[in-house]
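**Student:** Take this structure first; my questions come after.
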Amino acid sequence: MNNPYQNAMTQLEKAAKIAGLQNKIGPLKKPMRILKANLAVRMDDGKIKKFKAFRVQYNNFRGPFKGGIRYHAQVSLDEIKALSFWMTIKTATVGIPMGGGKGGVIIDPKKLSPMELEKLSRAYVRAFYKYLGPNLDVPAPDVNTNSQIMDWMSDEFNKLTKKNQPAFITGKSLEFDGSQGRDTATADGGFFVLKEFLKQLKISPKKITVVIQGFGNVGANMAEKLYQSGFKIIGVSDSQTAIIDPKKKGFNYNLIKEIKSHHGRIDVCVRHEAKYCKIVHNHLSPQKIVEQSCDLLVLAALENQITKDNVSRIKAKMILELANGPITPKADQTLWQKNITVIPDVLANAGGVTVSYFEWRQNMKKENWSRAQILKKLKPIMIKALKRIDKIAKKYKIDLRTAAFISALRQIIKK
Ligand code: GLU
């Protein structure tokens, strides 16, 4: 069921049909190259363990393949194919001169020691480095990978190629040629889009109740921005737990952040810590978080969160997709009929790859841009993309995702 690659292809066909591009999308129906490897890692106990790894290079018509590498127990080739296709659409949606790629390793990184994690990350680069490089394919972080992992990978690539090429990978730490603002870029980009969208509807943040699914890098940064701007965060979840504010007064972001960083989970009341129990909240299962009533639902976890099975129970008025592929095509259709606006992943979370592109440019030109410069460049890119898409959506009377796909397809198959 919910095969993300099939879902991605359904989205592609739908957009191509509306735009009259059916006979031009052939090259986008399959990846240009699929790389697979079995990474051998010597574990701390001395035993060798093998981990399945992928890199999918979907399309490079507009520039080098670009996209993150995820570490997750449920990674599959079809998932990585879908994600690399969405990267192709995403880079074109925001108009940065890059294509789409994605990588993954089937592993629960929480089960590895730091040393094992480093060995795994270096093994990934050794397996694929001949196909990677600043003008070929530029990886980045994704689910469960971070700047430390990018630094290891960058170092391994430099050793193997005997050259210092920081533009080979983005999302590095500042110490190792990373960019200012990359860590918060996905949330920053999503926030620019959201604010512009609300401005057009003349809605003030103060009135908006928000539920956020996911409290990793993207979800937590977005929560912070929303909280600081006066939005009321009435529900939050991570992969294990979820809390909801029955009085809809809104949580204090700083407290939730503190709880999460001390305990690795959001609902510590179960551990009877009086200080935290002052936060009035009800617990619920993380799966139920998307079904809570609110003005805005922010999806910042994984794929396939809203499907035909739960879409009838969605009560949000608007959805912002910071994760990739969280809504299936069937669910999309129902949300459209229910008049629930979805700001789609290929636009809403494109701030991450856009600032990755800025990092790549800085590395190529040996420059260092300030955080203020980064945000100043990011904002108009996100807003222009939203306006372009909104125009297409209004013209064809279609949802924003299909409009984004049409906008992207016109860029990709121009040549
Ligand atoms: N993993 C992020 C995404 O899905 C960022 C990719 C990148 O920076 O290349 O968009």
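As shown in the structure tokens, the chain order sets the letters A, B, ...; within each chain, residues go from 1, and ligands are also counted from 1 in the order they appear.
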Residues up to 6 Å from ligand 1, counting only C-alpha atoms and all ligand atoms: could you list those as a ChimeraX atom specification?
**Tutor:** /A:66-68,139-142,350,352-353,356
**Student:** I need the residues from that last selection saved to file as an mmCIF file, in the first residue's frame (with N, CA and C atoms), if you can.
**Tutor:**
```cif
data_model
loop_
_atom_site.group_PDB
_atom_site.id
_atom_site.type_symbol
_atom_site.label_atom_id
_atom_site.label_comp_id
_atom_site.auth_asym_id
_atom_site.auth_seq_id
_atom_site.Cartn_x
_atom_site.Cartn_y
_atom_site.Cartn_z
ATOM 1 N N LYS A 66 21.240 16.539 -6.021
ATOM 2 C CA LYS A 66 21.330 17.162 -4.692
ATOM 3 C C LYS A 66 20.310 16.551 -3.762
ATOM 4 N N GLY A 67 20.746 16.216 -2.566
ATOM 5 C CA GLY A 67 19.794 15.709 -1.581
ATOM 6 C C GLY A 67 20.489 14.999 -0.440
ATOM 7 N N GLY A 68 19.749 14.842 0.631
ATOM 8 C CA GLY A 68 20.322 14.340 1.879
ATOM 9 C C GLY A 68 20.542 12.841 1.917
ATOM 10 N N PRO A 139 25.662 15.489 -1.489
ATOM 11 C CA PRO A 139 24.790 15.057 -0.383
ATOM 12 C C PRO A 139 24.625 16.117 0.720
ATOM 13 N N ALA A 140 23.800 15.794 1.695
ATOM 14 C CA ALA A 140 23.454 16.722 2.791
ATOM 15 C C ALA A 140 22.803 15.920 3.906
ATOM 16 N N PRO A 141 22.472 16.580 5.019
ATOM 17 C CA PRO A 141 21.769 15.847 6.087
ATOM 18 C C PRO A 141 20.307 15.580 5.740
ATOM 19 N N ASP A 142 19.746 14.596 6.397
ATOM 20 C CA ASP A 142 18.305 14.317 6.311
ATOM 21 C C ASP A 142 17.920 13.697 7.661
ATOM 22 N N ALA A 350 11.682 23.628 1.346
ATOM 23 C CA ALA A 350 12.776 23.862 0.391
ATOM 24 C C ALA A 350 13.844 24.834 0.907
ATOM 25 N N GLY A 352 15.776 24.326 3.324
ATOM 26 C CA GLY A 352 16.955 23.525 3.663
ATOM 27 C C GLY A 352 17.888 23.383 2.469
ATOM 28 N N VAL A 353 17.340 22.923 1.361
ATOM 29 C CA VAL A 353 18.199 22.713 0.191
ATOM 30 C C VAL A 353 18.648 24.048 -0.409
ATOM 31 N N SER A 356 21.534 24.962 1.527
ATOM 32 C CA SER A 356 22.592 24.027 1.116
ATOM 33 C C SER A 356 23.251 24.539 -0.162
#
```
**Student:** At a cut-off of 6 Å, can you tabulate as a Markdown table every residue of stretch 198-255 of chain A near stretch 299-303 of chain A together with its closest atom pair and the distance in Å to one decimal, using only C-alpha atoms and ordering rows by chain then number?
**Tutor:**
```
| residue | atom | partner | partner_atom | distance |
| --- | --- | --- | --- | --- |
| A:Gln213 | CA | A:Leu299 | CA | 5.0 |
| A:Gly214 | CA | A:Ala301 | CA | 4.7 |
| A:Gly219 | CA | A:Ala300 | CA | 5.2 |
```
**Student:** Which of stretch 142-249 of chain A end up as helix (DSSP H, G or I) when DSSP is run on this backbone - answer as an MDAnalysis selection string?
**Tutor:** chainID A and resid 147:161 166:168 174:176 185:201 205:207 217:228
**Student:** I'd like to know which of A:Ser173, A:Asn252, A:Gln337, A:Ser407 is closest to A:Glu359, using only C-alpha atoms.
**Tutor:**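 That would be A:Ser173, the residue with the smallest distance to A:Glu359.
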**Student:** Pick from A:Asn324, A:Asn146, A:Gln292, A:Asn158: nearest to A:Asn310, with only C-alpha atoms counted?
**Tutor:**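 That would be A:Gln292, the residue with the smallest distance to A:Asn310.
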**Student:** As a CSV table (one decimal) with C-alpha atoms, in the first residue's frame, please: the residues near stretch 69-76 of chain A (cut-off 9 Å, only C-alpha atoms, same-chain neighbours under 3 positions excluded).
**Tutor:**
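Output file selection-v2.csv is given in full below:
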```csv
chain,number,residue,atom,x,y,z
A,53,ALA,CA,23.0,1.6,1.8
A,54,PHE,CA,21.6,3.4,-1.2
A,55,ARG,CA,22.2,6.5,-3.3
A,79,GLU,CA,11.4,5.4,-0.3
A,80,ILE,CA,14.8,6.8,-1.4
A,81,LYS,CA,13.6,6.8,-5.1
A,102,LYS,CA,18.9,11.1,-2.0
A,103,GLY,CA,20.7,8.5,0.0
A,104,GLY,CA,19.9,6.2,2.9
A,105,VAL,CA,21.2,3.5,5.1
A,106,ILE,CA,19.0,0.9,6.8
A,107,ILE,CA,20.0,1.4,10.4
A,108,ASP,CA,18.6,2.6,13.7
A,109,PRO,CA,21.4,5.1,14.5
A,139,PRO,CA,24.8,15.1,-0.4
A,140,ALA,CA,23.5,16.7,2.8
A,141,PRO,CA,21.8,15.8,6.1
A,142,ASP,CA,18.3,14.3,6.3
A,143,VAL,CA,16.4,12.3,8.9
A,144,ASN,CA,18.9,11.3,11.7
A,145,THR,CA,22.0,12.7,10.1
```
